Amino acid sequence: MNVAFIIYKAGKGGAERVSITLAEYLMHKGHKVGILCYRDDGTYPVAPGIEVSCLPDSSNFIFRHIRRFKAYKHYCKSRNIQITVALHRGYDYTWLYRKLLRGKLILSQRIDPKAEYRGKPWLLFQCLTFFRGADAVVFQTQEEMDFFPDSIKEKGTVISNPVRQDLPVPFEGKRRKIIVNFCRLEPQKNLMLLIDAFAGLGEAGKEFELRIYGNGPLREALKKKAADRGISERVKIIPFSSRIHEEIRDMYMFVSSSDFEGISNSMLEAMAVGLPCICTDCPAGGARLAICDGENGLLVPTGDQKALTEAMLRLIRNPEDAERMGRNAVGVRQKFSPERICGQWEQLMKHIM
C-alpha cells in the first residue's frame with residue numbers, strides 16, 4: 001500500500017507521535033509511506049526511508065486552502081497514494097480529494113468529543129461532515145465512539161495508542177522524592193488542580209518536589225499558582241525535554257490531573273518505564289483502559305482535589321505499595337505494543353482497500 005499521513009507538526013503532540021510510529025511500522029512491513037505536515041522542526045526524528053514534506057501556507061484563508069488542495073492533489077497523484085490517514089477530524093482538502101478522486105481516507109477522534117465540541121456547533125458540524133465522508137474512523141475508546149450517531153459508528157473502530165518501544169528500561173533502586181507530570185501546559189490538563197493537591201500533602205510531602213515538564217500558554221500562571229500556595233521553591237515548571245523518559249525514570253510517581261483525555265501518551269510512557277501512576281478517571285475512558293485501580297496504578301475522580309492528594313499520600317506512606325504498582329505498570333509495554341496496535345491499523349487499511 002501507498003500511505004500518506006497528515007500531521008500538524010513533526011514535533012508536537014501525541015497524535016503526531018502516534019502517526020510517526022504507525023508510519024515507521026508500515027514502512028518496515030514493506031509499505032510505501034510519506035508524511036505531510038505544516039511544519040517540521042525535527043523534534044520527533046523520522047526513520048530514513050520516510051519522506052517528510054511540508055504543505056504550503058498563506059496568510060489568506062482562501063488562498064491557503066486552494067494552495068494546500070493543489071499541493072495535496074499533486075502529492076497524491078505523483079506518488080500514487082492509496083490511503084490518507086489523519087489522526088484528527090480531517091481537513092477540507094483531504095475530504096474533497098476523496099470525494100473527487102476516490103482516494104481512501106481514514107480519520108480519527110483523539111480526545112473526549114463531549115469536551116471538544118461543547119459550545120462549538122460549527123466544529124461538530126465540520127466533524128460530522130468529514131467523518132461521514134471518510135472510509136473509516138478510528139476512536140481511541142468505546143466511550144468516544146458512543147458519542148456519535150450510528151452513521152459514523154458503522155464505519156468506526158476502536159484502536160488504542162501504542163507505547164513507544166525506544167523507552168529506557170524500568171528503574172530499580174531508591175527513587176528520588178519527585179512527583180512528575182509531562183504534558184502541554186493547557187487548561188485541559190488541569191495542572192492548577194495538581195498544584196493544589198500537591199500543596200495539600202502537608203508534612204508528609206515536605207521533602208517532595210513537583211516537576212511539571214512542558215510548553216504552553218499556562219507556564220507563568222502555573223508559577224504564580226505555586227507562589228500563591230507558598231510552595232514555589234518545591235514546584236518546578238520545566239521546558240519539555242527530548243530526554244524526558246531518561247530524566248523521569250527514577251522519580252517517585254507520575255500524576256495526571258486532566259479533565260479529559262483520549263489515551264494519554266505521557267501516562268502510558270510513565271507506566272512503561274515503571275513509575276507508579278495516579279490518573280484522573282476522566283472522559284473518554286483512556287486511563288481505565290491502562291490502569292487497574294490498586295494493581296498497576298491509582299484512579300481518582302476527575303476534578304477531586306482531596307482524592308488526588310489522598311492518592312499521593314497513599315503512595316508516599318506505602319513505598320512497598322508504590323513499588324509493586326510500578327512493577328505491574330510495565331505490563332503496558334506488551335498490552336499496547338506497536339506490533340499489536342499498529343497491526344490493527346494495518347488490518348483496517350487492508351480492509352478498506
# chains A, B, ... in the order shown; residues from 1 in each chain; ligands from 1
>>> select_by_dssp(residues="stretch 60-274 of chain A", states="strand (DSSP E)", output="PDB file with C-alpha atoms, in the first residue's frame")
ATOM      1  CA  ILE A  83      -4.821   5.847   1.619  1.00  0.00           C
ATOM      2  CA  THR A  84      -4.564   9.108   3.547  1.00  0.00           C
ATOM      3  CA  VAL A  85      -4.562   8.944   7.352  1.00  0.00           C
ATOM      4  CA  ALA A  86      -5.193  11.977   9.560  1.00  0.00           C
ATOM      5  CA  LYS A 104      -9.298   6.231   0.622  1.00  0.00           C
ATOM      6  CA  LEU A 105      -9.444   8.322   3.785  1.00  0.00           C
ATOM      7  CA  ILE A 106      -9.121   7.360   7.464  1.00  0.00           C
ATOM      8  CA  LEU A 107      -9.868   9.991  10.116  1.00  0.00           C
ATOM      9  CA  SER A 108      -9.776   9.781  13.887  1.00  0.00           C
ATOM     10  CA  GLN A 109     -11.152  11.192  17.134  1.00  0.00           C
ATOM     11  CA  ALA A 136     -13.146   4.630   8.268  1.00  0.00           C
ATOM     12  CA  VAL A 137     -12.982   6.477  11.573  1.00  0.00           C
ATOM     13  CA  VAL A 138     -10.696   5.333  14.383  1.00  0.00           C
ATOM     14  CA  PHE A 139     -11.572   6.026  18.016  1.00  0.00           C
ATOM     15  CA  GLY A 156     -15.873   3.229  13.310  1.00  0.00           C
ATOM     16  CA  THR A 157     -13.328   1.019  15.011  1.00  0.00           C
ATOM     17  CA  VAL A 158     -11.608   1.326  18.388  1.00  0.00           C
ATOM     18  CA  ARG A 176      14.081  10.409  44.119  1.00  0.00           C
ATOM     19  CA  LYS A 177      11.363  12.195  46.044  1.00  0.00           C
ATOM     20  CA  ILE A 178       9.938  13.890  42.991  1.00  0.00           C
ATOM     21  CA  ILE A 179       6.362  13.835  41.699  1.00  0.00           C
ATOM     22  CA  VAL A 180       6.215  14.413  37.953  1.00  0.00           C
ATOM     23  CA  ASN A 181       3.907  15.213  35.067  1.00  0.00           C
ATOM     24  CA  PHE A 182       4.867  15.974  31.463  1.00  0.00           C
ATOM     25  CA  GLU A 209       9.238  18.244  44.830  1.00  0.00           C
ATOM     26  CA  LEU A 210       6.712  18.596  41.999  1.00  0.00           C
ATOM     27  CA  ARG A 211       8.133  18.862  38.488  1.00  0.00           C
ATOM     28  CA  ILE A 212       5.950  19.682  35.508  1.00  0.00           C
ATOM     29  CA  TYR A 213       7.680  19.353  32.129  1.00  0.00           C
ATOM     30  CA  VAL A 235       7.334  23.324  42.253  1.00  0.00           C
ATOM     31  CA  LYS A 236       9.427  23.424  39.083  1.00  0.00           C
ATOM     32  CA  ILE A 237       7.925  24.241  35.670  1.00  0.00           C
ATOM     33  CA  ILE A 238      10.498  22.939  33.205  1.00  0.00           C
ATOM     34  CA  MET A 251      11.261   9.686  40.142  1.00  0.00           C
ATOM     35  CA  TYR A 252       8.766   8.655  42.803  1.00  0.00           C
ATOM     36  CA  MET A 253       5.464   8.847  40.926  1.00  0.00           C
ATOM     37  CA  PHE A 254       3.675  10.271  37.881  1.00  0.00           C
ATOM     38  CA  VAL A 255       0.403  12.157  38.436  1.00  0.00           C
ATOM     39  CA  SER A 256      -2.063  13.215  35.728  1.00  0.00           C
TER      40      SER A 256
END
>>> residues_around(residues="A:Leu191", least_positions_apart="3", cutoff="7 Å", atoms="only C-alpha atoms", output="ChimeraX atom specification")
/A:194-195,257
>>> residues_around(residues="stretch 323-326 of chain A", least_positions_apart="5", cutoff="9 Å", atoms="only C-alpha atoms", output="PyMOL selection string")
chain A and resi 170+253+271-277+294-298+315+318
>>> residues_around(residues="A:Gly34", least_positions_apart="2", cutoff="10 Å", atoms="only C-alpha atoms", output="PDB file with N, CA and C atoms, in the first residue's frame")
ATOM      1  N   ASN A   2       0.364   2.296  -0.610  1.00  0.00           N
ATOM      2  CA  ASN A   2       0.995   3.612  -0.568  1.00  0.00           C
ATOM      3  C   ASN A   2       0.160   4.497   0.360  1.00  0.00           C
ATOM      4  N   VAL A   3       0.767   4.935   1.466  1.00  0.00           N
ATOM      5  CA  VAL A   3       0.022   5.608   2.523  1.00  0.00           C
ATOM      6  C   VAL A   3       0.641   6.972   2.818  1.00  0.00           C
ATOM      7  N   ALA A   4      -0.220   7.974   2.986  1.00  0.00           N
ATOM      8  CA  ALA A   4       0.230   9.305   3.399  1.00  0.00           C
ATOM      9  C   ALA A   4      -0.399   9.640   4.748  1.00  0.00           C
ATOM     10  N   PHE A   5       0.419  10.105   5.685  1.00  0.00           N
ATOM     11  CA  PHE A   5      -0.066  10.610   6.971  1.00  0.00           C
ATOM     12  C   PHE A   5      -0.006  12.132   6.944  1.00  0.00           C
ATOM     13  N   ILE A   6      -1.058  12.765   7.440  1.00  0.00           N
ATOM     14  CA  ILE A   6      -1.070  14.223   7.550  1.00  0.00           C
ATOM     15  C   ILE A   6      -1.048  14.590   9.029  1.00  0.00           C
ATOM     16  N   ILE A  20       3.832   9.011  13.495  1.00  0.00           N
ATOM     17  CA  ILE A  20       5.189   8.631  13.112  1.00  0.00           C
ATOM     18  C   ILE A  20       5.459   7.170  13.460  1.00  0.00           C
ATOM     19  N   ALA A  23       3.727   5.163  10.823  1.00  0.00           N
ATOM     20  CA  ALA A  23       4.431   5.272   9.539  1.00  0.00           C
ATOM     21  C   ALA A  23       5.666   4.370   9.521  1.00  0.00           C
ATOM     22  N   GLU A  24       6.407   4.373  10.616  1.00  0.00           N
ATOM     23  CA  GLU A  24       7.624   3.551  10.670  1.00  0.00           C
ATOM     24  C   GLU A  24       7.278   2.063  10.668  1.00  0.00           C
ATOM     25  N   MET A  27       6.291   1.113   7.098  1.00  0.00           N
ATOM     26  CA  MET A  27       7.464   1.067   6.224  1.00  0.00           C
ATOM     27  C   MET A  27       8.222  -0.246   6.419  1.00  0.00           C
ATOM     28  N   HIS A  31       5.381  -1.361   3.142  1.00  0.00           N
ATOM     29  CA  HIS A  31       4.510  -0.381   2.506  1.00  0.00           C
ATOM     30  C   HIS A  31       5.291   0.910   2.231  1.00  0.00           C
ATOM     31  N   LYS A  32       4.845   1.652   1.256  1.00  0.00           N
ATOM     32  CA  LYS A  32       5.467   2.933   0.938  1.00  0.00           C
ATOM     33  C   LYS A  32       4.728   4.028   1.702  1.00  0.00           C
ATOM     34  N   LEU A  36       2.994  14.215   5.461  1.00  0.00           N
ATOM     35  CA  LEU A  36       2.756  15.605   5.098  1.00  0.00           C
ATOM     36  C   LEU A  36       2.509  16.396   6.373  1.00  0.00           C
ATOM     37  N   GLY A  49      13.956   6.704   4.990  1.00  0.00           N
ATOM     38  CA  GLY A  49      13.055   5.968   4.106  1.00  0.00           C
ATOM     39  C   GLY A  49      11.651   6.508   4.107  1.00  0.00           C
ATOM     40  N   ILE A  50      11.336   7.383   5.080  1.00  0.00           N
ATOM     41  CA  ILE A  50      10.030   8.032   5.120  1.00  0.00           C
ATOM     42  C   ILE A  50      10.210   9.493   4.719  1.00  0.00           C
ATOM     43  N   GLU A  51       9.608   9.849   3.612  1.00  0.00           N
ATOM     44  CA  GLU A  51       9.710  11.224   3.117  1.00  0.00           C
ATOM     45  C   GLU A  51       8.787  12.140   3.924  1.00  0.00           C
ATOM     46  N   VAL A  52       9.334  13.246   4.428  1.00  0.00           N
ATOM     47  CA  VAL A  52       8.552  14.251   5.129  1.00  0.00           C
ATOM     48  C   VAL A  52       8.471  15.499   4.258  1.00  0.00           C
ATOM     49  N   SER A  53       7.252  15.905   3.910  1.00  0.00           N
ATOM     50  CA  SER A  53       7.037  17.069   3.051  1.00  0.00           C
ATOM     51  C   SER A  53       6.161  18.080   3.768  1.00  0.00           C
ATOM     52  N   TYR A  75       0.705  15.761  -4.700  1.00  0.00           N
ATOM     53  CA  TYR A  75       1.446  14.784  -3.906  1.00  0.00           C
ATOM     54  C   TYR A  75       0.825  13.395  -4.064  1.00  0.00           C
ATOM     55  N   ARG A  79       2.615  10.221  -6.333  1.00  0.00           N
ATOM     56  CA  ARG A  79       3.118   9.088  -5.547  1.00  0.00           C
ATOM     57  C   ARG A  79       2.124   7.935  -5.491  1.00  0.00           C
ATOM     58  N   ILE A  81      -0.788   7.675  -4.076  1.00  0.00           N
ATOM     59  CA  ILE A  81      -1.251   7.449  -2.705  1.00  0.00           C
ATOM     60  C   ILE A  81      -2.618   6.779  -2.742  1.00  0.00           C
ATOM     61  N   THR A  84      -5.017   7.993   2.720  1.00  0.00           N
ATOM     62  CA  THR A  84      -4.564   9.108   3.547  1.00  0.00           C
ATOM     63  C   THR A  84      -5.079   8.902   4.958  1.00  0.00           C
TER      64      THR A  84
END
>>> residues_around(residues="A:Arg68", least_positions_apart="5", cutoff="8 Å", atoms="only C-alpha atoms", output="PyMOL selection string")
chain A and resi 55-57+93
>>> select_by_dssp(residues="stretch 86-185 of chain A", states="alpha helix (DSSP H)", output="number ranges by chain")
A: 92-101, 113-117, 121-133, 142-146, 150-153
>>> closest_residue(among="A:Arg110, A:His88, A:Arg17, A:Lys120", to="A:Ile263", atoms="only C-alpha atoms")
A:Arg110
>>> residues_around(residues="A:Pro217", least_positions_apart="3", cutoff="10 Å", atoms="only C-alpha atoms", output="CSV table (one decimal) with N, CA and C atoms, in the first residue's frame")
chain,number,residue,atom,x,y,z
A,184,ARG,N,1.4,19.1,27.7
A,184,ARG,CA,1.2,20.5,27.2
A,184,ARG,C,0.6,21.3,28.4
A,185,LEU,N,1.1,22.5,28.5
A,185,LEU,CA,0.6,23.4,29.6
A,185,LEU,C,-0.6,24.1,29.2
A,186,GLU,N,-1.8,23.4,29.2
A,186,GLU,CA,-3.0,23.9,28.7
A,186,GLU,C,-4.1,23.6,29.7
A,187,PRO,N,-5.3,24.3,29.6
A,187,PRO,CA,-6.3,24.1,30.6
A,187,PRO,C,-6.8,22.7,30.7
A,220,GLU,N,3.4,30.8,33.0
A,220,GLU,CA,3.5,31.8,34.0
A,220,GLU,C,2.4,31.7,35.1
A,221,ALA,N,1.2,31.3,34.6
A,221,ALA,CA,0.1,31.2,35.5
A,221,ALA,C,0.3,30.0,36.5
A,222,LEU,N,1.0,29.0,36.1
A,222,LEU,CA,1.3,27.9,37.0
A,222,LEU,C,2.4,28.3,38.0
>>> closest_residue(among="A:Cys54, A:Ala197, A:Cys282, A:Ile62", to="A:Ala226", atoms="only C-alpha atoms")
A:Ala197
>>> atom_distance(atom1="atom CA of A:Gln188", atom2="atom CA of A:Glu261")
8.1 Å
>>> atom_distance(atom1="atom CA of A:Ser264", atom2="atom CA of A:Ala287")
7.3 Å
>>> atom_distance(atom1="atom CA of A:Gly173", atom2="atom CA of A:Thr309")
24.8 Å
>>> decode(residues="stretch 62-192 of chain A", atoms="C-alpha atoms", output="short mmCIF file (atom, residue, chain, number, x, y, z; two decimals), in the first residue's frame")
data_model
loop_
_atom_site.label_atom_id
_atom_site.label_comp_id
_atom_site.auth_asym_id
_atom_site.auth_seq_id
_atom_site.Cartn_x
_atom_site.Cartn_y
_atom_site.Cartn_z
CA ILE A 62 -8.94 31.16 0.80
CA PHE A 63 -5.53 31.10 -0.87
CA ARG A 64 -4.17 28.83 1.88
CA HIS A 65 -6.85 26.18 1.29
CA ILE A 66 -6.53 26.38 -2.51
CA ARG A 67 -2.74 26.04 -2.33
CA ARG A 68 -2.96 23.13 0.07
CA PHE A 69 -5.55 21.31 -2.03
CA LYS A 70 -3.37 21.68 -5.14
CA ALA A 71 -0.24 20.55 -3.31
CA TYR A 72 -2.02 17.61 -1.71
CA LYS A 73 -3.56 16.58 -5.04
CA HIS A 74 -0.16 16.71 -6.75
CA TYR A 75 1.45 14.78 -3.91
CA CYS A 76 -1.16 12.00 -4.02
CA LYS A 77 -1.18 11.64 -7.80
CA SER A 78 2.59 11.75 -8.22
CA ARG A 79 3.12 9.09 -5.55
CA ASN A 80 0.02 7.02 -6.28
CA ILE A 81 -1.25 7.45 -2.71
CA GLN A 82 -3.98 4.92 -1.99
CA ILE A 83 -4.82 5.85 1.62
CA THR A 84 -4.56 9.11 3.55
CA VAL A 85 -4.56 8.94 7.35
CA ALA A 86 -5.19 11.98 9.56
CA LEU A 87 -5.33 11.40 13.30
CA HIS A 88 -7.96 14.10 13.81
CA ARG A 89 -11.25 15.10 12.24
CA GLY A 90 -9.56 15.93 8.93
CA TYR A 91 -9.24 18.81 6.51
CA ASP A 92 -11.43 20.04 3.71
CA TYR A 93 -8.84 19.28 1.02
CA THR A 94 -8.46 15.64 2.09
CA TRP A 95 -12.23 15.25 2.12
CA LEU A 96 -12.57 16.87 -1.32
CA TYR A 97 -9.80 14.72 -2.77
CA ARG A 98 -11.52 11.60 -1.50
CA LYS A 99 -14.86 12.77 -2.96
CA LEU A 100 -13.46 13.85 -6.32
CA LEU A 101 -10.74 11.28 -6.99
CA ARG A 102 -11.85 8.38 -4.77
CA GLY A 103 -8.73 8.09 -2.65
CA LYS A 104 -9.30 6.23 0.62
CA LEU A 105 -9.44 8.32 3.79
CA ILE A 106 -9.12 7.36 7.46
CA LEU A 107 -9.87 9.99 10.12
CA SER A 108 -9.78 9.78 13.89
CA GLN A 109 -11.15 11.19 17.13
CA ARG A 110 -8.34 11.65 19.65
CA ILE A 111 -9.91 13.28 22.74
CA ASP A 112 -13.23 13.30 24.54
CA PRO A 113 -15.72 14.59 21.91
CA LYS A 114 -18.12 15.93 24.55
CA ALA A 115 -15.41 18.31 25.72
CA GLU A 116 -14.00 19.10 22.27
CA TYR A 117 -17.32 20.11 20.71
CA ARG A 118 -19.15 21.53 23.72
CA GLY A 119 -20.42 25.00 22.79
CA LYS A 120 -18.93 24.70 19.29
CA PRO A 121 -21.75 23.56 16.97
CA TRP A 122 -19.86 24.67 13.87
CA LEU A 123 -16.91 22.42 14.84
CA LEU A 124 -19.22 19.48 15.48
CA PHE A 125 -20.89 20.05 12.10
CA GLN A 126 -17.48 20.02 10.40
CA CYS A 127 -16.51 16.86 12.26
CA LEU A 128 -19.73 15.03 11.37
CA THR A 129 -19.40 16.09 7.72
CA PHE A 130 -15.81 14.89 7.41
CA PHE A 131 -16.37 11.67 9.37
CA ARG A 132 -19.36 10.77 7.17
CA GLY A 133 -17.17 11.35 4.11
CA ALA A 134 -14.33 9.13 5.33
CA ASP A 135 -13.91 5.42 4.62
CA ALA A 136 -13.15 4.63 8.27
CA VAL A 137 -12.98 6.48 11.57
CA VAL A 138 -10.70 5.33 14.38
CA PHE A 139 -11.57 6.03 18.02
CA GLN A 140 -9.27 5.53 20.99
CA THR A 141 -12.04 4.33 23.31
CA GLN A 142 -15.56 2.95 23.07
CA GLU A 143 -16.78 5.98 25.03
CA GLU A 144 -15.54 8.26 22.24
CA MET A 145 -17.33 6.23 19.57
CA ASP A 146 -20.59 6.07 21.51
CA PHE A 147 -20.86 9.87 21.32
CA PHE A 148 -21.51 9.75 17.56
CA PRO A 149 -24.59 8.77 15.52
CA ASP A 150 -24.98 5.31 14.01
CA SER A 151 -23.97 6.54 10.55
CA ILE A 152 -20.47 7.18 11.91
CA LYS A 153 -20.31 4.30 14.40
CA GLU A 154 -20.96 1.92 11.49
CA LYS A 155 -17.62 2.88 9.95
CA GLY A 156 -15.87 3.23 13.31
CA THR A 157 -13.33 1.02 15.01
CA VAL A 158 -11.61 1.33 18.39
CA ILE A 159 -7.80 1.18 18.38
CA SER A 160 -5.73 2.29 21.37
CA ASN A 161 -2.44 4.19 21.27
CA PRO A 162 0.79 2.21 21.01
CA VAL A 163 3.57 2.56 23.58
CA ARG A 164 6.91 3.64 22.20
CA GLN A 165 9.49 0.87 22.20
CA ASP A 166 12.57 3.12 22.40
CA LEU A 167 11.94 3.87 26.07
CA PRO A 168 14.63 3.24 28.70
CA VAL A 169 14.43 0.13 30.85
CA PRO A 170 12.43 0.48 34.08
CA PHE A 171 14.38 1.83 37.04
CA GLU A 172 15.26 -0.37 40.00
CA GLY A 173 16.54 1.16 43.21
CA LYS A 174 15.88 4.05 45.58
CA ARG A 175 13.70 6.64 43.90
CA ARG A 176 14.08 10.41 44.12
CA LYS A 177 11.36 12.20 46.04
CA ILE A 178 9.94 13.89 42.99
CA ILE A 179 6.36 13.83 41.70
CA VAL A 180 6.22 14.41 37.95
CA ASN A 181 3.91 15.21 35.07
CA PHE A 182 4.87 15.97 31.46
CA CYS A 183 2.29 17.41 29.10
CA ARG A 184 1.17 20.51 27.22
CA LEU A 185 0.61 23.38 29.63
CA GLU A 186 -3.03 23.89 28.68
CA PRO A 187 -6.34 24.09 30.61
CA GLN A 188 -7.35 20.53 29.62
CA LYS A 189 -4.58 19.14 31.85
CA ASN A 190 -5.91 20.96 34.95
CA LEU A 191 -2.42 21.46 36.36
CA MET A 192 -3.80 24.04 38.81
#
